[in-house]
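A quick write-up on the structure given underneath.
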Amino acid sequence: KQEVTQIPAALSVPEGENLVLNCSFTDSAIYNLQWFRQDPGKGLTSLLLIQSSQREQTSGRLNASLDKSSGRSTLYIAASQPGDSATYLCAVKGSGNTPLVFGKGTRLSVIA
Amino acid sequence: NAGVTQTPKFRVLKTGQSMTLLCAQDMNHEYMYWYRQDPGMGLRLIHYSVGEGTTAKGEVPDGYNVSRLKKQNFLLGLESAAPSQTSVYFCASSPVEPWAGNEQFFGPGTRLTVL
């Protein structure tokens with residue numbers, strides 16, 4: 001059974017810092033990996049999707065990497081801003097009709 | 001496009017009452033999902049559908065039923081609500097894989113309290 005772990009559970013950084021969020025998964029036979037952002041009381045917004053054949057994806061100040069063999073992904077946020085404060089969720093999908101398996105998220109606070 | 005919408009946004013039920021949560025998507029997606037999110041538990045899949053007229057059980061299906069009579073709608077039913085079903089419910093949809101990448105799009109959630 002696929003398990004997804006995100007460390008740390010919470011992170012507080014000063015504005016302007018570059019930071020890395022970690023995601024690990026136990027079964028490397030994944031189809032893709034998706035990073036989401038969730039603001040308090042809101043739904044999930046997809047940030048980046050990495051297919052199993054890809055090594056990384058970039059969107060603005062965000063860069064996500066994937067190392068399938070080691071079962072790890074990282075989300076790099078450059079020059080963090082207070083508006084980046086949210087919970088970041090990692091989810092992996094196996095092949096076929098298997099559903100997404102989510103980590104419990106990292107709650108990020110960027111202090112001005 | 002409205003994307004994925006959920007009705008209602010909030011609801012309070014008494015134990016034993018029934019209700020239906022409605023999810024609608026206007027992206028012509030084949031796949032639809034219902035999740036619940038609880039503190040410390042993360043998101044857990046309740047039921048999902050891979051197309052109109054199909055449903056399948058997820059990780060935590062007990063106490064819930066679903067129907068996908070139309071491609072754009074996915075209904076989640078609670079026949080006899082219990083306090084353990086107090087949660088935030090999210091609906092999601094995704095296009096048919098593999099060429100569409102199977103990115104999931106989420107609704108804003110329904111906050112349900114069962115007293």
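Note on naming: chains are A, B, ... as they come in the structure tokens, residues start from 1 per chain, ligands start from 1 in the order shown.
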
*Could you give me the residues within segment 8-109 of chain B that DSSP places in strand (DSSP E), as a VMD selection string?*
chain B and resid 10 to 13 19 to 25 31 to 38 42 to 49 56 to 57 65 to 67 73 to 78 87 to 94 105 to 106

*Just need the residues of chain A within 6 Å of chain B, counting only C-alpha atoms, so spit them out as a list in words.*
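Interface list for chain A against chain B: Lys42, Gly43, Leu44 and Lys104 of chain A.
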
*Within 12 Å of segment 2-12 of chain A, counting only C-alpha atoms, which residues show up once you throw out same-chain ones fewer than 5 positions away? Write them as a PyMOL selection string, please.*
(chain A and resi 17-30+33-35+71-75+80-82+84-94+98-112) or (chain B and resi 40-44+59)

*Can you work out which one of A:Tyr76, A:Gly16, A:Ser70, A:Gly41 has the shortest atom-to-atom distance to Glu56 of chain A, counting only C-alpha atoms?*
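Among A:Tyr76, A:Gly16, A:Ser70, A:Gly41, it is A:Tyr76 that comes nearest to Glu56 of chain A.
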
*Do a neighbour search on Gln57 of chain A at 10 Å with only C-alpha atoms, toss out local chain neighbours closer than 5 positions, and write the hits as a VMD selection string.*
chain A and resid 47 to 51 62 to 66 75

Save the residues we just selected, N, CA, C and O atoms, as a compact mmCIF listing (two decimals), in the first residue's frame?
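Result file follows (selection_16.txt):
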# COMPACT_ATOMS: atom_id res chain seq x y z
N LEU A 47 -0.44 23.02 -8.06
CA LEU A 47 0.72 23.87 -8.35
C LEU A 47 1.55 23.29 -9.49
O LEU A 47 1.87 23.99 -10.44
N LEU A 48 1.93 22.04 -9.34
CA LEU A 48 2.81 21.40 -10.32
C LEU A 48 2.47 19.93 -10.41
O LEU A 48 2.15 19.30 -9.40
N LEU A 49 2.56 19.40 -11.63
CA LEU A 49 2.35 17.98 -11.87
C LEU A 49 3.60 17.44 -12.55
O LEU A 49 4.03 18.00 -13.57
N ILE A 50 4.18 16.41 -12.00
CA ILE A 50 5.38 15.80 -12.61
C ILE A 50 5.02 14.39 -13.03
O ILE A 50 4.61 13.56 -12.21
N GLN A 51 5.17 14.10 -14.33
CA GLN A 51 4.95 12.74 -14.81
C GLN A 51 6.12 11.86 -14.38
O GLN A 51 7.22 12.36 -14.12
N LEU A 62 8.44 28.47 -8.18
CA LEU A 62 8.33 27.09 -7.69
C LEU A 62 9.06 26.14 -8.62
O LEU A 62 8.98 26.26 -9.85
N ASN A 63 9.75 25.19 -8.00
CA ASN A 63 10.40 24.13 -8.77
C ASN A 63 10.20 22.82 -8.02
O ASN A 63 10.53 22.71 -6.84
N ALA A 64 9.65 21.84 -8.70
CA ALA A 64 9.44 20.53 -8.08
C ALA A 64 10.32 19.51 -8.78
O ALA A 64 10.40 19.49 -10.01
N SER A 65 10.96 18.68 -8.00
CA SER A 65 11.80 17.61 -8.55
C SER A 65 11.25 16.26 -8.15
O SER A 65 10.53 16.14 -7.16
N LEU A 66 11.60 15.26 -8.94
CA LEU A 66 11.13 13.90 -8.67
C LEU A 66 12.28 12.93 -8.85
O LEU A 66 12.95 12.92 -9.90
N LEU A 75 9.78 20.26 -3.23
CA LEU A 75 9.21 21.50 -3.76
C LEU A 75 10.07 22.64 -3.25
O LEU A 75 10.17 22.86 -2.04

List the neighbours of Val12 of chain B out to 9 Å using only C-alpha atoms; skip same-chain residues closer than 4 positions along the sequence, and give me the result as a PDB file with C-alpha atoms, in the first residue's frame.
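For reference, out37.pdb as written:
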ATOM      1  CA  ARG B 111     -17.936  21.693   5.812  1.00  0.00           C
ATOM      2  CA  LEU B 112     -20.273  19.204   7.495  1.00  0.00           C
ATOM      3  CA  THR B 113     -20.957  19.010  11.215  1.00  0.00           C
ATOM      4  CA  VAL B 114     -22.967  16.134  12.678  1.00  0.00           C
ATOM      5  CA  LEU B 115     -24.252  16.743  16.190  1.00  0.00           C
TER       6      LEU B 115
END

*asked:* If I take atom CA of Leu22 of chain B and atom CA of Asn32 of chain A, how far is one from the other in Å, to one decimal?
replied: 28.0 Å
